[in-house]
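Peer 1: Structure file upload.csv, CSV, C-alpha atoms, is pasted below:
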chain,number,residue,atom,x,y,z
N,1053,MET,CA,0.0,0.0,0.0
N,1054,ALA,CA,2.7,2.5,1.1
N,1055,SER,CA,2.2,6.0,-0.3
N,1056,TYR,CA,0.7,5.2,-3.8
N,1057,THR,CA,-2.3,7.3,-4.9
N,1058,LYS,CA,-5.5,5.4,-5.3
N,1059,ALA,CA,-5.4,5.7,-9.0
N,1060,ALA,CA,-1.9,4.4,-9.3
N,1061,GLN,CA,-2.7,1.4,-7.1
N,1062,GLN,CA,-5.7,0.7,-9.2
N,1063,TRP,CA,-3.7,0.8,-12.4
N,1064,ALA,CA,-1.0,-1.4,-11.0
N,1065,THR,CA,-3.4,-4.1,-9.9
N,1066,PHE,CA,-5.6,-4.3,-12.9
N,1067,ALA,CA,-3.2,-3.5,-15.7
N,1068,ARG,CA,-2.4,-6.4,-18.1
N,1069,ALA,CA,1.4,-7.2,-18.1
N,1070,TRP,CA,3.4,-8.7,-20.9
N,1071,TYR,CA,5.8,-11.5,-20.0
N,1072,LEU,CA,8.7,-12.9,-22.2
N,1073,ILE,CA,9.9,-16.5,-22.0
N,1074,ASP,CA,12.9,-17.8,-24.1
N,1075,GLY,CA,12.1,-21.3,-25.3
N,1076,LYS,CA,15.7,-22.2,-26.4
N,1077,LEU,CA,16.5,-25.8,-25.4
N,1078,GLN,CA,13.5,-25.9,-23.1
N,1079,PRO,CA,10.9,-28.6,-22.9
N,1080,PRO,CA,7.5,-27.4,-24.3
N,1081,GLY,CA,5.5,-28.9,-21.4
N,1082,LYS,CA,7.4,-26.9,-18.8
N,1083,LEU,CA,7.1,-23.7,-20.9
N,1084,ALA,CA,3.4,-24.3,-21.1
N,1085,ALA,CA,3.0,-24.9,-17.4
N,1086,VAL,CA,4.7,-21.5,-16.6
N,1087,SER,CA,2.7,-19.6,-19.3
N,1088,VAL,CA,-0.7,-21.1,-18.4
N,1089,ILE,CA,-0.3,-19.7,-14.8
N,1090,ARG,CA,0.3,-16.2,-16.2
N,1091,LEU,CA,-2.4,-16.4,-18.9
N,1092,GLN,CA,-5.0,-17.3,-16.3
N,1093,GLY,CA,-3.8,-14.7,-13.9
N,1094,LYS,CA,-3.2,-17.3,-11.1
N,1095,HIS,CA,0.1,-15.5,-10.2
N,1096,LYS,CA,-1.9,-12.6,-8.9
N,1097,PRO,CA,-3.4,-12.5,-5.3
N,1098,MET,CA,-6.6,-10.9,-6.6
N,1099,TYR,CA,-7.3,-13.7,-9.1
N,1100,HIS,CA,-10.9,-14.7,-9.8
N,1101,ALA,CA,-12.0,-16.8,-12.7
N,1102,LEU,CA,-14.6,-14.3,-13.9
N,1103,SER,CA,-12.5,-11.1,-13.5
N,1104,ASP,CA,-10.4,-11.5,-16.7
N,1105,CYS,CA,-7.1,-10.8,-15.0
N,1106,GLY,CA,-4.9,-12.8,-17.3
N,1107,ASP,CA,-1.7,-11.4,-18.7
N,1108,HIS,CA,0.1,-11.6,-22.1
N,1109,VAL,CA,2.8,-14.1,-22.6
N,1110,VAL,CA,5.4,-13.9,-25.5
N,1111,ILE,CA,7.4,-17.1,-26.2
N,1112,ILE,CA,10.4,-16.7,-28.5
N,1113,ASN,CA,12.7,-19.4,-30.0
N,1114,THR,CA,10.0,-22.0,-30.2
N,1115,ARG,CA,11.9,-23.5,-33.1
N,1116,HIS,CA,14.6,-24.5,-30.7
N,1117,ILE,CA,12.6,-26.3,-28.0
N,1118,ALA,CA,14.0,-29.6,-26.7
N,1119,PHE,CA,12.0,-32.7,-26.0
N,1120,SER,CA,13.3,-35.1,-23.3
N,1121,GLY,CA,13.5,-38.7,-24.3
N,1122,ASN,CA,12.6,-39.8,-27.8
N,1123,LYS,CA,9.4,-37.8,-28.0
N,1124,TRP,CA,10.4,-36.2,-31.2
N,1125,GLU,CA,9.9,-39.6,-32.8
N,1126,GLN,CA,7.4,-41.1,-30.5
N,1127,LYS,CA,4.9,-38.3,-29.8
N,1128,VAL,CA,2.0,-38.3,-32.2
N,1129,TYR,CA,-0.4,-35.4,-32.8
N,1130,SER,CA,-3.7,-36.6,-34.2
N,1131,SER,CA,-6.5,-34.7,-35.8
N,1132,HIS,CA,-9.6,-35.3,-37.9
N,1133,THR,CA,-10.8,-33.1,-40.6
N,1134,GLY,CA,-14.4,-34.2,-40.1
N,1135,TYR,CA,-14.6,-35.9,-43.5
N,1136,PRO,CA,-14.4,-39.7,-43.9
N,1137,GLY,CA,-10.8,-40.9,-44.2
N,1138,GLY,CA,-9.7,-37.6,-42.7
N,1139,PHE,CA,-7.8,-39.0,-39.7
N,1140,LYS,CA,-4.3,-37.5,-39.8
N,1141,GLN,CA,-1.5,-38.5,-37.5
N,1142,VAL,CA,1.8,-36.6,-37.5
N,1143,THR,CA,4.8,-37.2,-35.4
N,1144,ALA,CA,6.2,-34.3,-33.3
N,1145,ALA,CA,9.2,-34.0,-35.6
N,1146,GLN,CA,7.0,-33.7,-38.7
N,1147,LEU,CA,4.7,-31.2,-37.1
N,1148,HIS,CA,7.7,-29.1,-35.9
N,1149,ILE,CA,9.0,-28.9,-39.5
N,1150,LYS,CA,5.7,-27.8,-40.8
N,1151,ASP,CA,4.9,-25.3,-38.1
N,1152,PRO,CA,7.6,-24.5,-35.5
N,1153,THR,CA,5.1,-22.9,-33.1
N,1154,ALA,CA,2.4,-25.6,-33.2
N,1155,ILE,CA,3.9,-27.8,-30.5
N,1156,VAL,CA,4.0,-25.1,-27.8
N,1157,LYS,CA,0.7,-23.8,-28.9
N,1158,LEU,CA,-1.0,-27.2,-28.6
N,1159,ALA,CA,0.7,-27.8,-25.2
N,1160,ILE,CA,-0.6,-24.5,-23.8
N,1161,TYR,CA,-4.1,-25.0,-25.3
N,1162,ARG,CA,-4.4,-28.4,-23.7
N,1163,MET,CA,-3.2,-27.2,-20.4
N,1164,LEU,CA,-5.6,-24.2,-20.1
N,1165,PRO,CA,-9.0,-24.8,-18.4
N,1166,LYS,CA,-11.5,-26.2,-20.8
N,1167,ASN,CA,-14.0,-23.3,-20.7
N,1168,LEU,CA,-14.9,-20.4,-22.9
N,1169,HIS,CA,-12.1,-18.2,-21.5
N,1170,ARG,CA,-9.6,-20.5,-23.2
N,1171,ARG,CA,-9.9,-18.9,-26.6
N,1172,THR,CA,-9.4,-15.4,-25.2
N,1173,MET,CA,-6.3,-16.6,-23.2
N,1174,MET,CA,-4.9,-18.1,-26.4
N,1175,GLN,CA,-5.4,-14.8,-28.1
N,1176,ARG,CA,-3.2,-13.3,-25.4
N,1177,LEU,CA,-0.4,-15.8,-26.1
N,1178,HIS,CA,2.2,-14.8,-28.7
N,1179,LEU,CA,4.6,-17.3,-30.2
N,1180,PHE,CA,7.6,-16.6,-32.4
N,1181,PRO,CA,9.8,-19.3,-33.9
N,1182,GLU,CA,13.0,-17.2,-33.7
N,1183,ASP,CA,13.9,-14.2,-31.5
N,1184,VAL,CA,12.6,-11.7,-34.0
N,1185,ILE,CA,9.7,-9.9,-32.4
N,1186,PRO,CA,7.6,-7.1,-33.8
N,1187,GLU,CA,8.4,-3.6,-32.6
N,1188,ASP,CA,5.1,-3.0,-30.7
N,1189,ILE,CA,5.3,-6.2,-28.8
N,1190,ARG,CA,8.9,-5.6,-27.8
N,1191,ASN,CA,7.9,-2.2,-26.4
N,1192,ASN,CA,5.2,-3.7,-24.3
N,1193,LEU,CA,7.3,-6.4,-22.5
N,1194,VAL,CA,7.6,-5.9,-18.8
N,1195,GLU,CA,9.5,-8.9,-17.4
N,1196,GLU,CA,11.5,-11.9,-18.7
N,1197,LEU,CA,10.6,-15.0,-16.8
N,1198,PRO,CA,13.4,-17.4,-15.9
N,1199,GLN,CA,13.8,-20.5,-18.1
N,1200,PRO,CA,12.2,-23.6,-16.5
N,1201,ARG,CA,15.1,-26.0,-17.3
N,1202,LYS,CA,18.7,-25.5,-16.4
N,1203,ILE,CA,20.7,-25.9,-19.6
N,1204,PRO,CA,23.8,-28.1,-19.1
N,1205,LYS,CA,27.1,-26.8,-20.4
N,1206,ARG,CA,28.8,-28.3,-23.4
N,1207,LEU,CA,32.3,-29.6,-23.2
N,1208,ASP,CA,33.7,-26.7,-25.1
N,1209,GLU,CA,31.8,-24.2,-23.0
N,1210,TYR,CA,33.9,-25.1,-19.9
N,1211,THR,CA,36.8,-22.8,-19.3
N,1212,GLN,CA,40.3,-24.3,-19.2
N,1213,GLU,CA,40.5,-23.6,-15.4
N,1214,GLU,CA,37.4,-25.6,-14.8
N,1215,ILE,CA,38.7,-28.4,-16.9
N,1216,ASP,CA,42.0,-28.4,-15.0
N,1217,ALA,CA,40.4,-28.1,-11.6
N,1218,PHE,CA,38.5,-31.4,-12.3
N,1219,PRO,CA,40.6,-34.2,-11.0
N,1220,ILE,CA,41.8,-37.1,-13.2
N,1221,LEU,CA,39.9,-40.2,-12.0
N,1222,TRP,CA,42.1,-43.0,-13.3
N,1223,THR,CA,45.7,-43.4,-14.5
N,1224,PRO,CA,46.2,-45.3,-17.7
N,1225,PRO,CA,48.5,-48.3,-17.6
N,1226,LYS,CA,52.1,-47.9,-18.8
N,1227,ASP,CA,51.6,-49.7,-22.1
N,1228,TYR,CA,48.4,-47.9,-23.0
N,1229,ARG,CA,48.5,-46.2,-26.3
N,1230,LYS,CA,46.2,-43.2,-26.7
N,1231,THR,CA,44.4,-43.2,-30.0
F,1040,VAL,CA,54.4,-38.3,-31.2
F,1041,VAL,CA,55.8,-35.0,-32.0
F,1042,GLU,CA,56.3,-33.8,-35.6
F,1043,VAL,CA,58.9,-31.2,-36.3
F,1044,THR,CA,59.3,-29.7,-39.7
F,1045,GLU,CA,62.8,-28.2,-40.4
F,1046,GLY,CA,63.1,-26.9,-43.9
F,1047,SER,CA,62.5,-29.7,-46.4
F,1048,THR,CA,62.9,-32.5,-43.9
F,1049,THR,CA,60.1,-33.6,-41.6
F,1050,ILE,CA,61.2,-35.4,-38.5
F,1051,ILE,CA,58.6,-37.4,-36.7
F,1052,GLU,CA,59.8,-38.5,-33.3
F,1053,GLY,CA,58.0,-40.1,-30.4
F,1054,LYS,CA,58.4,-38.6,-27.0
F,1055,VAL,CA,57.4,-40.2,-23.8
F,1056,ILE,CA,55.2,-37.7,-22.0
F,1057,GLU,CA,55.6,-37.7,-18.2
F,1058,ASP,CA,52.4,-38.9,-16.5
F,1059,VAL,CA,50.7,-36.1,-14.5
F,1060,LYS,CA,50.5,-36.9,-10.8
F,1061,ALA,CA,46.9,-37.7,-10.0
F,1062,PRO,CA,45.5,-36.3,-6.7
F,1063,THR,CA,44.7,-38.9,-4.1
F,1064,PRO,CA,41.1,-40.0,-4.1
F,1065,PRO,CA,39.0,-39.6,-1.0
F,1066,ASN,CA,38.2,-43.3,-0.8
F,1067,PRO,CA,41.4,-45.2,-1.9
F,1068,ALA,CA,39.9,-48.5,-0.9
F,1069,GLY,CA,37.4,-48.5,-3.8
F,1070,GLN,CA,37.6,-50.9,-6.6
F,1071,CYS,CA,36.8,-48.6,-9.6
F,1072,PRO,CA,37.6,-44.9,-10.1
F,1073,ILE,CA,34.0,-43.9,-9.4
F,1074,CYS,CA,33.9,-45.7,-6.1
F,1075,ARG,CA,37.3,-44.3,-5.1
F,1076,TRP,CA,36.0,-40.7,-5.7
F,1077,ASN,CA,32.6,-41.4,-4.1
F,1078,LEU,CA,30.7,-40.6,-7.2
F,1079,LYS,CA,28.7,-43.7,-7.4
F,1080,TYR,CA,25.1,-42.4,-7.7
F,1081,LYS,CA,25.9,-38.8,-8.3
F,1082,TYR,CA,26.6,-38.3,-12.0
F,1083,ASN,CA,24.4,-37.9,-15.0
F,1084,TYR,CA,24.6,-37.2,-18.7
F,1085,GLU,CA,25.4,-33.5,-18.2
F,1086,ASP,CA,28.6,-34.2,-16.1
F,1087,VAL,CA,30.7,-34.0,-19.3
F,1088,LEU,CA,34.0,-33.3,-17.5
F,1089,LEU,CA,33.7,-36.7,-15.8
F,1090,LEU,CA,32.4,-38.6,-18.9
F,1091,SER,CA,35.1,-37.1,-21.1
F,1092,GLN,CA,37.7,-39.0,-19.1
F,1093,PHE,CA,36.4,-42.3,-20.2
F,1094,ILE,CA,35.9,-41.8,-23.9
F,1095,ARG,CA,38.2,-42.0,-26.9
F,1096,SER,CA,39.0,-39.0,-29.1
F,1097,ASP,CA,36.3,-40.0,-31.5
F,1098,GLY,CA,33.6,-40.4,-28.9
F,1099,GLY,CA,33.6,-44.2,-28.3
F,1100,MET,CA,34.0,-45.7,-24.8
F,1101,LEU,CA,37.3,-47.0,-23.6
F,1102,SER,CA,37.5,-50.6,-22.5
F,1103,ARG,CA,37.0,-51.7,-18.9
F,1104,LYS,CA,40.4,-53.3,-18.8
F,1105,ILE,CA,42.1,-50.0,-19.4
F,1106,THR,CA,40.0,-47.7,-17.2
F,1107,GLY,CA,39.4,-50.1,-14.4
F,1108,LEU,CA,35.7,-49.5,-14.0
F,1109,CYS,CA,33.4,-52.1,-12.5
F,1110,LEU,CA,30.8,-53.5,-14.9
F,1111,GLU,CA,27.7,-51.6,-13.7
F,1112,GLU,CA,29.6,-48.3,-13.6
F,1113,HIS,CA,31.0,-48.9,-17.0
F,1114,LYS,CA,27.5,-49.5,-18.4
F,1115,LYS,CA,26.2,-46.4,-16.6
F,1116,VAL,CA,29.0,-44.3,-18.0
F,1117,ALA,CA,28.4,-45.7,-21.5
F,1118,VAL,CA,24.7,-44.9,-21.2
F,1119,CYS,CA,25.5,-41.3,-20.0
F,1120,VAL,CA,28.0,-40.9,-22.8
F,1121,GLN,CA,25.4,-42.0,-25.4
F,1122,MET,CA,22.8,-39.6,-24.0
F,1123,ALA,CA,25.4,-36.8,-23.9
F,1124,HIS,CA,26.3,-37.4,-27.6
F,1125,ARG,CA,22.7,-37.4,-28.6
F,1126,ALA,CA,22.1,-34.2,-26.7
F,1127,GLY,CA,25.0,-32.5,-28.5
F,1128,LYS,CA,27.1,-32.1,-25.4
F,1129,LYS,CA,30.5,-33.4,-26.5
F,1130,PRO,CA,32.3,-31.9,-29.4
F,1131,THR,CA,35.0,-34.4,-30.2
F,1132,VAL,CA,38.2,-34.2,-32.2
F,1133,GLY,CA,37.8,-37.2,-34.5
F,1134,PHE,CA,35.0,-38.9,-36.3
F,1135,PRO,CA,32.3,-40.8,-34.3
F,1136,THR,CA,32.0,-44.5,-34.9
F,1137,MET,CA,28.7,-46.1,-35.7
F,1138,THR,CA,28.8,-48.3,-32.6
F,1139,TYR,CA,30.2,-47.1,-29.3
F,1140,GLY,CA,32.5,-49.3,-27.4
F,1141,LYS,CA,34.2,-51.1,-30.2
F,1142,LEU,CA,37.9,-50.8,-30.5
F,1143,PRO,CA,39.3,-49.1,-33.6
F,1144,GLY,CA,40.6,-51.5,-36.2
F,1145,ILE,CA,43.9,-51.0,-38.0
F,1146,ILE,CA,42.9,-49.4,-41.2
F,1147,GLY,CA,46.3,-48.6,-42.6
F,1148,GLN,CA,49.8,-49.7,-41.7
F,1149,ILE,CA,52.7,-47.8,-43.3
F,1150,GLN,CA,56.2,-49.4,-43.1
F,1151,PHE,CA,59.4,-47.8,-44.2
F,1152,PRO,CA,61.9,-50.6,-44.5
F,1153,ASP,CA,64.5,-48.5,-46.4
F,1154,LEU,CA,65.5,-46.0,-43.6
F,1155,GLU,CA,69.0,-45.9,-42.2
F,1156,GLU,CA,68.1,-45.0,-38.7
F,1157,GLY,CA,67.0,-48.5,-38.1
F,1158,ASP,CA,63.8,-50.3,-38.4
F,1159,ILE,CA,61.3,-47.5,-37.9
F,1160,SER,CA,57.8,-48.5,-38.8
F,1161,ASP,CA,55.0,-46.2,-38.3
F,1162,THR,CA,51.6,-47.5,-37.6
F,1163,PHE,CA,48.9,-45.1,-38.4
F,1164,TYR,CA,45.5,-45.8,-37.0
F,1165,SER,CA,42.7,-44.2,-38.8
F,1166,HIS,CA,39.0,-44.7,-39.4
F,1167,HIS,CA,38.9,-42.5,-42.4
F,1168,PRO,CA,40.6,-43.2,-45.8
F,1169,GLN,CA,41.0,-39.5,-46.4
F,1170,GLU,CA,43.1,-39.1,-43.3
F,1171,LEU,CA,45.3,-42.0,-44.4
F,1172,LEU,CA,45.7,-40.6,-47.8
F,1173,ASP,CA,46.7,-37.2,-46.3
F,1174,PHE,CA,49.3,-38.8,-44.2
F,1175,ILE,CA,50.8,-40.6,-47.1
F,1176,HIS,CA,50.7,-37.5,-49.2
F,1177,TYR,CA,52.3,-35.2,-46.7
F,1178,SER,CA,55.0,-37.3,-45.2
F,1179,PRO,CA,58.0,-37.5,-47.6
F,1180,LEU,CA,59.1,-40.7,-46.0
F,1181,ALA,CA,56.1,-42.4,-47.4
F,1182,LEU,CA,57.0,-41.6,-50.9
F,1183,SER,CA,59.8,-44.2,-50.8
F,1184,SER,CA,58.8,-47.8,-50.9
F,1185,LEU,CA,55.8,-48.1,-48.7
F,1186,GLU,CA,53.6,-50.9,-47.9
F,1187,VAL,CA,50.1,-50.0,-47.2
F,1188,VAL,CA,48.0,-52.7,-45.8
F,1189,CYS,CA,44.4,-51.9,-45.6
F,1190,LYS,CA,42.3,-54.1,-43.4
F,1191,GLY,CA,38.7,-53.8,-42.5
F,1192,THR,CA,35.8,-52.6,-44.4
F,1193,VAL,CA,35.9,-49.3,-46.2
F,1194,GLN,CA,32.3,-48.4,-45.3
F,1195,TYR,CA,32.7,-45.0,-43.8
F,1196,LEU,CA,30.3,-42.7,-42.1
F,1197,THR,CA,28.5,-40.9,-44.8
F,1198,SER,CA,25.2,-40.8,-43.1
F,1199,PHE,CA,25.7,-41.8,-39.5
F,1200,PHE,CA,26.7,-38.5,-38.0
F,1201,PRO,CA,24.6,-37.6,-34.9
F,1202,ILE,CA,21.9,-35.2,-35.7
F,1203,SER,CA,22.4,-32.4,-33.2
F,1204,GLY,CA,25.6,-30.6,-33.0
F,1205,LEU,CA,28.0,-33.3,-31.7
F,1206,LEU,CA,31.0,-31.8,-33.5
F,1207,PRO,CA,30.4,-28.1,-33.4
F,1208,ASN,CA,34.0,-27.2,-33.9
F,1209,HIS,CA,35.2,-30.1,-36.0
F,1210,ARG,CA,33.5,-30.7,-39.2
F,1211,PRO,CA,34.1,-34.1,-40.9
F,1212,LEU,CA,36.4,-34.0,-43.9
F,1213,HIS,CA,34.3,-35.4,-46.6
F,1214,SER,CA,31.4,-33.0,-46.1
F,1215,GLN,CA,33.4,-29.9,-46.4
F,1216,GLY,CA,31.5,-27.4,-48.5
F,1217,ARG,CA,28.3,-29.3,-48.2
F,1218,VAL,CA,25.8,-27.8,-45.9
F,1219,SER,CA,23.2,-30.3,-44.7
F,1220,THR,CA,19.7,-29.0,-44.8
F,1221,LYS,CA,18.4,-31.7,-42.5
F,1222,PRO,CA,16.5,-30.1,-39.6
F,1223,LYS,CA,18.1,-30.5,-36.2
F,1224,PHE,CA,16.1,-31.3,-33.2
F,1225,ASN,CA,17.3,-30.6,-29.7
F,1226,ARG,CA,16.9,-33.5,-27.3
F,1227,TYR,CA,18.1,-34.7,-23.9
F,1228,LEU,CA,17.8,-37.8,-21.8
F,1229,THR,CA,17.1,-40.0,-24.8
F,1230,ARG,CA,17.0,-43.7,-24.1
F,1231,TRP,CA,16.9,-45.1,-27.6
F,1232,SER,CA,18.6,-44.0,-30.7
F,1233,VAL,CA,16.9,-41.5,-33.0
F,1234,ARG,CA,16.7,-43.9,-35.9
F,1235,SER,CA,15.2,-46.8,-34.0
F,1236,ALA,CA,12.5,-45.0,-32.1
F,1237,LYS,CA,9.1,-45.5,-33.8
F,1238,PRO,CA,6.0,-43.3,-33.3
F,1239,ILE,CA,3.5,-44.5,-30.7
F,1240,TRP,CA,0.4,-44.2,-32.8
F,1241,LYS,CA,-2.1,-45.3,-30.1
F,1242,ARG,CA,-1.1,-44.4,-26.6
F,1243,GLY,CA,-4.3,-45.8,-25.0
F,1244,PRO,CA,-6.7,-44.5,-22.4
F,1245,LYS,CA,-5.4,-43.0,-19.1
F,1246,TRP,CA,-5.7,-46.2,-17.1
F,1247,CYS,CA,-3.4,-48.1,-19.5
F,1248,ARG,CA,-1.4,-45.3,-21.0
F,1249,ILE,CA,1.9,-46.1,-22.8
F,1250,PRO,CA,4.4,-43.7,-21.2
F,1251,PHE,CA,7.2,-41.9,-23.0
F,1252,ARG,CA,10.4,-43.3,-21.5
F,1253,VAL,CA,12.9,-40.7,-20.4
F,1254,GLY,CA,16.4,-41.3,-19.1
F,1255,HIS,CA,17.6,-44.8,-18.5
F,1256,PRO,CA,16.7,-47.5,-15.9
F,1257,LEU,CA,20.4,-47.9,-14.9
F,1258,LEU,CA,20.3,-44.3,-13.7
F,1259,MET,CA,17.2,-44.7,-11.5
F,1260,ASP,CA,19.2,-45.1,-8.4
F,1261,ASN,CA,20.8,-41.7,-8.7
F,1262,ILE,CA,20.6,-39.3,-5.7
F,1263,SER,CA,18.9,-36.0,-6.4
F,1264,TYR,CA,18.6,-33.3,-3.8
F,1265,GLY,CA,15.8,-30.8,-4.1
F,1266,GLN,CA,13.7,-32.4,-6.8
F,1267,LYS,CA,11.0,-35.0,-6.0
Do you think you could lay out the structure here as structure tokens?
Peer 2:
Amino acid sequence: MASYTKAAQQWATFARAWYLIDGKLQPPGKLAAVSVIRLQGKHKPMYHALSDCGDHVVIINTRHIAFSGNKWEQKVYSSHTGYPGGFKQVTAAQLHIKDPTAIVKLAIYRMLPKNLHRRTMMQRLHLFPEDVIPEDIRNNLVEELPQPRKIPKRLDEYTQEEIDAFPILWTPPKDYRKT
Amino acid sequence: VVEVTEGSTTIIEGKVIEDVKAPTPPNPAGQCPICRWNLKYKYNYEDVLLLSQFIRSDGGMLSRKITGLCLEEHKKVAVCVQMAHRAGKKPTVGFPTMTYGKLPGIIGQIQFPDLEEGDISDTFYSHHPQELLDFIHYSPLALSSLEVVCKGTVQYLTSFFPISGLLPNHRPLHSQGRVSTKPKFNRYLTRWSVRSAKPIWKRGPKWCRIPFRVGHPLLMDNISYGQK
């Protein structure tokens, strides 16, 4: 409460914020879990299902998401066009090639509550395959949310000091020839 | 082996490199290096500094007889190395072999019987015919009578390179100039190889759902602090 004016307090509580998440090397399910909370407004203490308090979420680098396990080959997205013989099944890899934002979009759509608010919340979600964002959206962004998954370092990303500090676990025998 | 070029003569001499003194492990009574350093259930695919000590320069695993690992740890490390390769964690110097764990075969053996210094014969281990040809071409000793014995199959890795960025700094010789337009997918904790995994067309209802397997059963006993 402090010393804000009533108008300023009102604006701060009810304004719609824009959040940014970087999807590089992140699992789409975890990205969806974080965005669904923000889209519904459940991160706000004055949340109510009818009070339309959801925020905007912008996800960039959806082309570079990472699935754990063999889901790129095993996960299947099915749909039916409504016409006979119109049952289509596509693997995650094929779908990603066709549309790089579809996997994250479907993940979020299926995690949102299954009511009429879902469509409006999906309209407040913005997905971009690379980190190229339109000017107006970039100006609106308020906060960048931390990435859900900690990305492990590659071998060439370690500094030489770190590599030297790591002890050698075994000594090769005298007649060992290094190939 | 140190190669020194002086003018028009190239001297290839082998130097014995002094072994670096290894620090004493906290549990010297252990059987294998991992037990000795108390790392039994504590490593995973992302601990590349540890895994890189047990692999060859081309990415394959070293044999148990050399490293001294116990069987279960050797298997675990092999599995972690596989997962790390598939995740694109380990850029390596040479060329990856199709199957991890097999010892390299002698592809070419160059002998120089006509030298005065004695019976120097140089054995060149290579997986790739291009490397062998380069060696023959650039070393003047080889221009004199040489005996190239080629063993093993000449089926080299035209299409078995791992999909995602295994060798970010080292591009294979034969694909220089050729940019692959194959889409690369980021993945981690893969249990099966990319080519062998088939789509699960029908996952079934919730009560008998077919789960997506992540990680490996050998690593189920790992300790994790903080997570469930």
Peer 1: Enter the distance from CA of Tyr1264 in chain F to CA of Tyr1082 in chain F, in Å, rounded to one decimal.
Peer 2: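 Going from CA of Tyr1264 in chain F over to CA of Tyr1082 in chain F, I get 12.5 Å.
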Peer 1: Counting all atoms listed in the file, which of N:Ile1203, N:Leu1179, N:Val1086, N:Met1163 gets nearest to Arg1226 in chain F?
Peer 2: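 Ranking N:Ile1203, N:Leu1179, N:Val1086, N:Met1163 by distance to Arg1226 in chain F, first place goes to N:Ile1203.
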Peer 1: Could you state the separation of CA of His1108 in chain N and CA of Asn1192 in chain N in Å, given to one decimal place?
Peer 2: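 That distance, rounded to one decimal, is 9.7 Å.
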Peer 1: Please identify all residues of chain N having at least one atom at most 8 Å from any atom of chain F, considering all atoms listed in the file, and return them as a short mmCIF file (atom, residue, chain, number, x, y, z; two decimals) with C-alpha atoms, in the frame of the given file.
Peer 2:
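Here's the written file result-v2.cif:
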data_model
loop_
_atom_site.label_atom_id
_atom_site.label_comp_id
_atom_site.auth_asym_id
_atom_site.auth_seq_id
_atom_site.Cartn_x
_atom_site.Cartn_y
_atom_site.Cartn_z
CA LEU N 1077 16.50 -25.80 -25.40
CA HIS N 1116 14.60 -24.50 -30.70
CA ILE N 1117 12.60 -26.30 -28.00
CA ALA N 1118 14.00 -29.60 -26.70
CA PHE N 1119 12.00 -32.70 -26.00
CA SER N 1120 13.30 -35.10 -23.30
CA GLY N 1121 13.50 -38.70 -24.30
CA ASN N 1122 12.60 -39.80 -27.80
CA LYS N 1123 9.40 -37.80 -28.00
CA TRP N 1124 10.40 -36.20 -31.20
CA GLU N 1125 9.90 -39.60 -32.80
CA GLN N 1126 7.40 -41.10 -30.50
CA LYS N 1127 4.90 -38.30 -29.80
CA VAL N 1128 2.00 -38.30 -32.20
CA GLN N 1141 -1.50 -38.50 -37.50
CA THR N 1143 4.80 -37.20 -35.40
CA ALA N 1145 9.20 -34.00 -35.60
CA ILE N 1149 9.00 -28.90 -39.50
CA PRO N 1204 23.80 -28.10 -19.10
CA LYS N 1205 27.10 -26.80 -20.40
CA ARG N 1206 28.80 -28.30 -23.40
CA LEU N 1207 32.30 -29.60 -23.20
CA ASP N 1208 33.70 -26.70 -25.10
CA ILE N 1215 38.70 -28.40 -16.90
CA PHE N 1218 38.50 -31.40 -12.30
CA PRO N 1219 40.60 -34.20 -11.00
CA ILE N 1220 41.80 -37.10 -13.20
CA LEU N 1221 39.90 -40.20 -12.00
CA TRP N 1222 42.10 -43.00 -13.30
CA THR N 1223 45.70 -43.40 -14.50
CA PRO N 1224 46.20 -45.30 -17.70
CA PRO N 1225 48.50 -48.30 -17.60
CA TYR N 1228 48.40 -47.90 -23.00
CA THR N 1231 44.40 -43.20 -30.00
#
Peer 1: Work out how far apart CA of Lys1082 in chain N and CA of Tyr1161 in chain N are and give it in Å to one decimal.
Peer 2: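 Separation of CA of Lys1082 in chain N and CA of Tyr1161 in chain N: 13.3 Å.
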Peer 1: Neighbouring residues of Ala1064 in chain N were defined as those with any atom within 12 Å, considering all atoms listed in the file; residues of the same chain fewer than 5 positions away were excluded. Please report them as a JSON list (two decimals) with C-alpha atoms, keeping the file's coordinate frame.
Peer 2:
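New file part33.json:
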[["chain", "number", "residue", "atom", "x", "y", "z"],
["N", 1053, "MET", "CA", 0.00, 0.00, 0.00],
["N", 1056, "TYR", "CA", 0.70, 5.20, -3.80],
["N", 1057, "THR", "CA", -2.30, 7.30, -4.90],
["N", 1058, "LYS", "CA", -5.50, 5.40, -5.30],
["N", 1059, "ALA", "CA", -5.40, 5.70, -9.00],
["N", 1069, "ALA", "CA", 1.40, -7.20, -18.10],
["N", 1096, "LYS", "CA", -1.90, -12.60, -8.90],
["N", 1098, "MET", "CA", -6.60, -10.90, -6.60],
["N", 1105, "CYS", "CA", -7.10, -10.80, -15.00]]
Peer 1: Which residues, written as a JSON list (two decimals) with C-alpha atoms, in the coordinates of the input, have at least one atom at most 10 Å from Gln1199 in chain N, with only C-alpha atoms counted and residues fewer than 5 positions away on the same chain left out?
Peer 2:
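Result went into selection03.json, see below:
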[["chain", "number", "residue", "atom", "x", "y", "z"],
["N", 1073, "ILE", "CA", 9.90, -16.50, -22.00],
["N", 1074, "ASP", "CA", 12.90, -17.80, -24.10],
["N", 1075, "GLY", "CA", 12.10, -21.30, -25.30],
["N", 1076, "LYS", "CA", 15.70, -22.20, -26.40],
["N", 1077, "LEU", "CA", 16.50, -25.80, -25.40],
["N", 1078, "GLN", "CA", 13.50, -25.90, -23.10],
["N", 1079, "PRO", "CA", 10.90, -28.60, -22.90],
["N", 1082, "LYS", "CA", 7.40, -26.90, -18.80],
["N", 1083, "LEU", "CA", 7.10, -23.70, -20.90],
["N", 1086, "VAL", "CA", 4.70, -21.50, -16.60]]
